[in-house]
There are 4 protein chains.
Amino acid sequence: MAYLFVGEGREYLLEAGERLETDLGILQVPDDVDAGETVETHLGTEFVARALRGPDLFHHFERTGAPMMPRDIGLVMGHTGVKQGDRVLDAGTGTGVLAASLGRAGATVVTYEQDPEFAEVARENMELAGIADTVDVTAGDVTEEIDELAGEFDLITLDTADAPAVVEHAPELLTPGGFLAVYSPFVEATSEVVKTARDAGLEEVESLETIQREMDVGERGTRPSTAGVGHTGYLTFARNPV
Amino acid sequence: MAYLFVGEGREYLLEAGERLETDLGILQVPDDVDAGETVETHLGTEFVARALRGPDLFHHFERTGAPMMPRDIGLVMGHTGVKQGDRVLDAGTGTGVLAASLGRAGATVVTYEQDPEFAEVARENMELAGIADTVDVTAGDVTEEIDELAGEFDLITLDTADAPAVVEHAPELLTPGGFLAVYSPFVEATSEVVKTARDAGLEEVESLETIQREMDVGERGTRPSTAGVGHTGYLTFARNPV
Amino acid sequence: MAYLFVGEGREYLLEAGERLETDLGILQVPDDVDAGETVETHLGTEFVARALRGPDLFHHFERTGAPMMPRDIGLVMGHTGVKQGDRVLDAGTGTGVLAASLGRAGATVVTYEQDPEFAEVARENMELAGIADTVDVTAGDVTEEIDELAGEFDLITLDTADAPAVVEHAPELLTPGGFLAVYSPFVEATSEVVKTARDAGLEEVESLETIQREMDVGERGTRPSTAGVGHTGYLTFARNPV
Amino acid sequence: MAYLFVGEGREYLLEAGERLETDLGILQVPDDVDAGETVETHLGTEFVARALRGPDLFHHFERTGAPMMPRDIGLVMGHTGVKQGDRVLDAGTGTGVLAASLGRAGATVVTYEQDPEFAEVARENMELAGIADTVDVTAGDVTEEIDELAGEFDLITLDTADAPAVVEHAPELLTPGGFLAVYSPFVEATSEVVKTARDAGLEEVESLETIQREMDVGERGTRPSTAGVGHTGYLTFARNPV
């Protein structure tokens with residue numbers, strides 16, 4: 001189990017028992033450290049151990065590509081109502097923040113990543129997030145394993161270029177009322193996912209675009225940020241009727 | 001435990017053992033019914049039992065006001081990284097979909113609702129959602145109990161007009177790295193929450209506005225919906241540094 | 001020349017010399033009426049004559065389809081910098097609010113409408129707007145007249161399904177630095193227009209989506225409208241380099 | 001009258017008769033140059049003379065602050081239906097792109113700028129835009145001249161911190177059916193303008209926020225830009241009933 005050690009404007013990710021030489025002295029993490037505890041460097045600077053929370057995963061996971069942003073992970077969670085005990089089929093894993101976030105909310109996740117090296121990194125990220133037991137990262141192509149997977153998933157989450165190849169099998173994979181969530185950056189791919197979901201007999205098919213902006217609260221007044229927040233991806237949701 | 005019985009375009013929310021006269025015959029739910037099972041009316045129409053998922057709570061909870069929408073619940077979940085074992089302080093409960101969603105993701109929730117009748121409805125909603133054990137609905141004013149609550153919450157979620165009165169005590173209430181999330185429909189209230197959070201010494205204070213639109217995929221092409229999706233509320237997030 | 005006669009919450013569009021029986025008495029418009037003057041019904045109710053302004057055209061033009069909204073007309077004007085003396089090629093006319101607005105800003109407009117009956121209605125709308133002299137509504141297909149039109153337009157505005165067939169000839173039609181503006185409701189059509197504009201050698205090609213929301217200012221505070229404002233169309237702009 | 005001389009990826013703003021040494025040779029602009037003509041440097045590189053269009057004003061006016069963007073200028077034009085012959089009262093001028101754009105659409109504009117040096121720059125910008133005859137830049141405070149101005153403006157456009165001080169006099173200044181347009185970056189100021197407009201008896205008061213995004217059309221598909229476009233300002237419109 002890793003913790004963030006925060007102090008004097010610095011933030012280090014360290015495991016229990018780990019030792020780090022910092023410019024504020026050597027930080028020796030006790031083997032039995034717990035969240036909320038304070039550890040001093042040998043020069044006396046205090047660092048507080050913080051448990052990793054969702055947005056920390058986004059910042060501290062080793063990356064194999066652009067990870068899904070906290071807002072999109074949240075939208076998947078909210079629109080599908082992920083909960084403890086859910087069985088989730090996820091592809092492609094990538095950095096793994098979505099799979100990890102679902103796992104931390106109590107779901108058991110099977111996640112497919114085509115690139116074996118990326119899968120290995122994702123596995124290490126799951127260790128870091130403390131959910132290696134419930135999130136199973138598989139190196140491989142999910143479309144080749146549809147038959148073995150057929151069963152009862154409560155949720156399918158896809159962030160792959162060939163999402164439609166899985167979407168057409170969603171009715172065999174999902175439990176009654178189970179949800180599909182597909183992330184696609186482009187309109188054309190989104191459109192194809194929507195059509196495939198409809199053709200497969202899924203219901204409540206809806207594709208959502210989300211624009212999120214920060215509000216600037218300052219001396220002169222309040223306004224949306226002039227910096228702007230760009231597009232991430234469209235999220236398409238659908239539901240298995242029976 | 002209640003299930004949704006879905007068939008022939010109808011959807012009934014029924015408890016195990018419950019009996020309902022429908023226009024398709026009498027539906028007698030077995031005491032040992034389980035999600036995914038099929039139950040026939042005495043006239044032979046089949047209904048499939050569906051476990052309730054997050055968006056179902058939004059539609060089937062008894063309402064005491066406009067419930068928070070799935071997208072906003074999701075944004076709270078994503079931006080705060082809610083997970084199993086989290087201890088959450090929530091106010092005001094209202095219909096209870098946020099508290100229920102956090103509870104279903106494995107958090108232990110203490111939620112305050114000022115109106116005793118609303119609190120009672122929320123309690124029944126928690127029963128329906130199957131998380132009455134971990135979501136404690138308290139009738140009362142959270143601002144009067146700050147001292148007793150001081151402890152270690154991982155997350156504070158507020159949807160109350162007097163949110164600033166709680167925000168100023170957030171550092172005493174939150175664990176190191178713990179998150180505050182405040183929902184406010186209006187700019188002025190949002191601005192006040194932001195300023196209070198800054199004054200209280202919270203960090204990573206950001207206020208987000210989210211615009212979500214449905215994409216219409218049709219014969220003639222793809223476009224954002226002409227129907228439009230209106231504003232719900234601003235979400236302000238902040239974090240306890242230590 | 002027509003005026004709006006406004007009084008007691010009523011609004012009538014009447015020509016000089018016209019006579020109208022209203023529930024507030026007979027309104028006889030003098031032949032030499034002018035904007036700003038007051039006219040009384042025979043029962044003594046006062047109506048003020050208002051000159052028609054742009055947004056009035058939107059509301060009072062006879063419609064042959066959904067007219068372009070004031071905001072989109074404005075965006076065309078702002079992004080192309082329409083001005084007095086500009087020569088504009090417009091297709092398809094439709095109700096004619098865009099052509100009329102450009103004409104009222106001093107441009108000379110040739111506008112094509114394929115449906116002869118719609119063209120006739122648009123011509124009457126130009127009379128109403130007082131710019132029949134400078135806005136020439138032609139019944140026909142602009143793509144069949146590209147050769148005759150080749151010359152020096154400062155601006156081409158298109159709101160037609162086959163816009164790309166004109167866009168590819170834009171360099172022959174436009175003056176150096178002249179602008180093209182294309183309105184398309186759908187992403188796929190927009191994408192095709194962009195590609196055609198690039199292939200034709202146009203520069204500064206950009207396609208814009210505009211989301212506009214009303215702000216509600218009320219007793220409880222200020223917020224974006226909960227009603228939402230839907231998508232109208234994408235506007236693609238491009239410029240002739242030489 | 002100035003023209004843009006465009007060639008070999010360069011763009012120079014030059015007056016008739018002006019001479020410029022460039023790295024591609026000396027460019028001597030003939031006294032009788034006209035838009036669309038080609039001028040060669042003494043080394044034989046061709047430059048095409050382009051008349052300045054609206055968006056060119058935005059890029060080539062000398063700036064005394066951030067000029068209003070083409071989209072916002074367009075929205076003012078579209079929502080108020082500016083046209084030839086309109087009489088406009090504008091404050092504060094700033095760089096002058098709004099005043100210039102209204103002037104180029106045929107309006108006669110009186111524009112107030114408090115800073116005398118800024119006013120002088122704006123005057124030069126009007127020369128450049130070829131509308132110094134119809135756009136009168138006055139150095140001074142418009143609120144001190146309300147009484148003299150009382151008359152019949154078709155349009156009032158304000159981009160000043162003390163806009164409400166003018167808004168309350170709008171009914172005396174505007175013609176029946178005339179429009180007010182106020183630009184404000186902040187919510188609080190916008191809210192005050194709305195309330196003042198209502199109190200003054202103006203009608204059709206609406207405050208709009210506009211979010212504009214570029215669409216990226218690429219090999220992999222079409223999507224809204226990931227770059228994002230930030231907030232500029234709220235535009236409040238209102239109308240004089242009589």
# chains A, B, ... in the order shown; residues from 1 in each chain; ligands from 1
call {"tool": "residues_around", "arguments": {"residues": "range 185-200 of chain B", "least_positions_apart": "2", "cutoff": "10 Å", "atoms": "only C-alpha atoms", "output": "ChimeraX atom specification"}}
result
/A:215-218,221-223 /B:159,161-172,180,182-183,202-209,231-240 /C:216-218,220-224,226 /D:187-188
call {"tool": "select_by_dssp", "arguments": {"residues": "range 88-234 of chain D", "states": "helix (DSSP H, G or I)", "output": "MDAnalysis selection string"}}
result
chainID D and resid 97:104 116:128 142:144 146:149 163:167 170:173 187:199
call {"tool": "interface_residues", "arguments": {"of": "chain A", "to": "chain B", "cutoff": "8 Å", "atoms": "only C-alpha atoms", "output": "count of residues only"}}
result
49
call {"tool": "residues_around", "arguments": {"residues": "Thr41 in chain D", "least_positions_apart": "2", "cutoff": "8 Å", "atoms": "only C-alpha atoms", "output": "ChimeraX atom specification"}}
result
/D:24-28,39,43-47
call {"tool": "select_by_dssp", "arguments": {"residues": "range 8-239 of chain C", "states": "strand (DSSP E or B)", "output": "ChimeraX atom specification"}}
result
/C:10-15,19-22,25-28,38-40,46-51,87-91,108-113,135-139,153-158,174-184,203-218,221-224,234-239
call {"tool": "residues_around", "arguments": {"residues": "Leu14 in chain C", "least_positions_apart": "5", "cutoff": "9 Å", "atoms": "only C-alpha atoms", "output": "PDB file with all heavy atoms, in the first residue's frame"}}
result
ATOM      1  N   MET C   1     -43.485  50.488 -47.403  1.00  0.00           N
ATOM      2  CA  MET C   1     -42.760  50.348 -46.129  1.00  0.00           C
ATOM      3  C   MET C   1     -43.761  50.008 -45.026  1.00  0.00           C
ATOM      4  O   MET C   1     -44.754  50.706 -44.818  1.00  0.00           O
ATOM      5  CB  MET C   1     -42.061  51.679 -45.808  1.00  0.00           C
ATOM      6  CG  MET C   1     -41.073  51.584 -44.669  1.00  0.00           C
ATOM      7  SD  MET C   1     -39.504  50.825 -45.203  1.00  0.00           S
ATOM      8  CE  MET C   1     -38.504  51.064 -43.743  1.00  0.00           C
ATOM      9  N   ALA C   2     -43.477  48.926 -44.308  1.00  0.00           N
ATOM     10  CA  ALA C   2     -44.363  48.509 -43.223  1.00  0.00           C
ATOM     11  C   ALA C   2     -43.780  48.902 -41.871  1.00  0.00           C
ATOM     12  O   ALA C   2     -42.568  49.041 -41.718  1.00  0.00           O
ATOM     13  CB  ALA C   2     -44.560  47.004 -43.282  1.00  0.00           C
ATOM     14  N   TYR C   3     -44.667  49.092 -40.916  1.00  0.00           N
ATOM     15  CA  TYR C   3     -44.253  49.405 -39.557  1.00  0.00           C
ATOM     16  C   TYR C   3     -44.969  48.477 -38.594  1.00  0.00           C
ATOM     17  O   TYR C   3     -46.051  47.947 -38.895  1.00  0.00           O
ATOM     18  CB  TYR C   3     -44.599  50.858 -39.193  1.00  0.00           C
ATOM     19  CG  TYR C   3     -43.837  51.871 -40.004  1.00  0.00           C
ATOM     20  CD1 TYR C   3     -44.378  52.380 -41.187  1.00  0.00           C
ATOM     21  CD2 TYR C   3     -42.579  52.297 -39.596  1.00  0.00           C
ATOM     22  CE1 TYR C   3     -43.664  53.297 -41.941  1.00  0.00           C
ATOM     23  CE2 TYR C   3     -41.864  53.218 -40.354  1.00  0.00           C
ATOM     24  CZ  TYR C   3     -42.413  53.718 -41.526  1.00  0.00           C
ATOM     25  OH  TYR C   3     -41.711  54.612 -42.273  1.00  0.00           O
ATOM     26  N   LEU C   4     -44.378  48.322 -37.423  1.00  0.00           N
ATOM     27  CA  LEU C   4     -45.045  47.608 -36.345  1.00  0.00           C
ATOM     28  C   LEU C   4     -45.810  48.642 -35.527  1.00  0.00           C
ATOM     29  O   LEU C   4     -45.224  49.612 -35.057  1.00  0.00           O
ATOM     30  CB  LEU C   4     -44.026  46.922 -35.437  1.00  0.00           C
ATOM     31  CG  LEU C   4     -43.457  45.606 -35.936  1.00  0.00           C
ATOM     32  CD1 LEU C   4     -42.397  45.106 -34.969  1.00  0.00           C
ATOM     33  CD2 LEU C   4     -44.585  44.579 -36.061  1.00  0.00           C
ATOM     34  N   PHE C   5     -47.108  48.413 -35.341  1.00  0.00           N
ATOM     35  CA  PHE C   5     -47.894  49.299 -34.483  1.00  0.00           C
ATOM     36  C   PHE C   5     -48.079  48.619 -33.142  1.00  0.00           C
ATOM     37  O   PHE C   5     -48.706  47.569 -33.046  1.00  0.00           O
ATOM     38  CB  PHE C   5     -49.216  49.663 -35.165  1.00  0.00           C
ATOM     39  CG  PHE C   5     -48.970  50.575 -36.331  1.00  0.00           C
ATOM     40  CD1 PHE C   5     -48.650  50.055 -37.572  1.00  0.00           C
ATOM     41  CD2 PHE C   5     -48.983  51.958 -36.171  1.00  0.00           C
ATOM     42  CE1 PHE C   5     -48.354  50.898 -38.639  1.00  0.00           C
ATOM     43  CE2 PHE C   5     -48.704  52.806 -37.228  1.00  0.00           C
ATOM     44  CZ  PHE C   5     -48.381  52.273 -38.471  1.00  0.00           C
ATOM     45  N   ARG C  19     -55.635  49.644 -43.199  1.00  0.00           N
ATOM     46  CA  ARG C  19     -56.700  49.818 -42.221  1.00  0.00           C
ATOM     47  C   ARG C  19     -56.936  48.476 -41.544  1.00  0.00           C
ATOM     48  O   ARG C  19     -57.027  47.451 -42.215  1.00  0.00           O
ATOM     49  CB  ARG C  19     -57.973  50.266 -42.956  1.00  0.00           C
ATOM     50  CG  ARG C  19     -59.177  50.532 -42.065  1.00  0.00           C
ATOM     51  CD  ARG C  19     -60.316  51.038 -42.952  1.00  0.00           C
ATOM     52  NE  ARG C  19     -61.495  51.412 -42.199  1.00  0.00           N
ATOM     53  CZ  ARG C  19     -62.445  50.552 -41.793  1.00  0.00           C
ATOM     54  NH1 ARG C  19     -62.348  49.272 -42.082  1.00  0.00           N
ATOM     55  NH2 ARG C  19     -63.485  50.983 -41.102  1.00  0.00           N
ATOM     56  N   LEU C  20     -57.014  48.457 -40.211  1.00  0.00           N
ATOM     57  CA  LEU C  20     -57.205  47.192 -39.497  1.00  0.00           C
ATOM     58  C   LEU C  20     -58.268  47.334 -38.419  1.00  0.00           C
ATOM     59  O   LEU C  20     -58.259  48.291 -37.644  1.00  0.00           O
ATOM     60  CB  LEU C  20     -55.885  46.738 -38.840  1.00  0.00           C
ATOM     61  CG  LEU C  20     -55.958  45.388 -38.109  1.00  0.00           C
ATOM     62  CD1 LEU C  20     -55.931  44.228 -39.096  1.00  0.00           C
ATOM     63  CD2 LEU C  20     -54.811  45.265 -37.116  1.00  0.00           C
ATOM     64  N   VAL C  29     -53.929  53.572 -40.710  1.00  0.00           N
ATOM     65  CA  VAL C  29     -52.560  54.084 -40.799  1.00  0.00           C
ATOM     66  C   VAL C  29     -52.497  55.195 -41.845  1.00  0.00           C
ATOM     67  O   VAL C  29     -52.885  54.985 -42.992  1.00  0.00           O
ATOM     68  CB  VAL C  29     -51.578  52.958 -41.181  1.00  0.00           C
ATOM     69  CG1 VAL C  29     -50.148  53.492 -41.221  1.00  0.00           C
ATOM     70  CG2 VAL C  29     -51.697  51.784 -40.209  1.00  0.00           C
TER      71      VAL C  29
END
call {"tool": "atom_distance", "arguments": {"atom1": "CA of Val135 in chain A", "atom2": "CA of Ala119 in chain A"}}
result
11.8 Å
call {"tool": "residues_around", "arguments": {"residues": "Pro116 in chain C", "least_positions_apart": "5", "cutoff": "12 Å", "atoms": "only C-alpha atoms", "output": "list in words"}}
result
Thr64, Gly92, Thr93, Gly94, Val121, Ala122, Arg123, Val137, Thr138, Ala139, Gly140 and Asp141 of chain C
call {"tool": "closest_residue", "arguments": {"among": "C:Thr143, C:Thr157, C:Asn125, C:Thr95", "to": "Val109 in chain C", "atoms": "only C-alpha atoms"}}
result
C:Thr157
call {"tool": "residues_around", "arguments": {"residues": "Ala100 in chain B", "least_positions_apart": "5", "cutoff": "8 Å", "atoms": "only C-alpha atoms", "output": "number ranges by chain"}}
result
B: 126, 129, 131, 135
call {"tool": "write_last_selection", "arguments": {"atoms": "N, CA and C atoms", "output": "PDB file, in the first residue's frame"}}
result
ATOM      1  N   MET B 126     -33.534   4.635   1.335  1.00  0.00           N
ATOM      2  CA  MET B 126     -32.311   3.875   1.602  1.00  0.00           C
ATOM      3  C   MET B 126     -32.627   2.384   1.744  1.00  0.00           C
ATOM      4  N   ALA B 129     -32.980   1.036  -1.650  1.00  0.00           N
ATOM      5  CA  ALA B 129     -31.696   0.919  -2.336  1.00  0.00           C
ATOM      6  C   ALA B 129     -30.796  -0.132  -1.698  1.00  0.00           C
ATOM      7  N   ILE B 131     -29.287  -0.053   1.250  1.00  0.00           N
ATOM      8  CA  ILE B 131     -28.103   0.412   1.973  1.00  0.00           C
ATOM      9  C   ILE B 131     -28.480   1.146   3.260  1.00  0.00           C
ATOM     10  N   VAL B 135     -26.075   3.915   5.383  1.00  0.00           N
ATOM     11  CA  VAL B 135     -26.424   5.323   5.202  1.00  0.00           C
ATOM     12  C   VAL B 135     -27.378   5.732   6.319  1.00  0.00           C
TER      13      VAL B 135
END
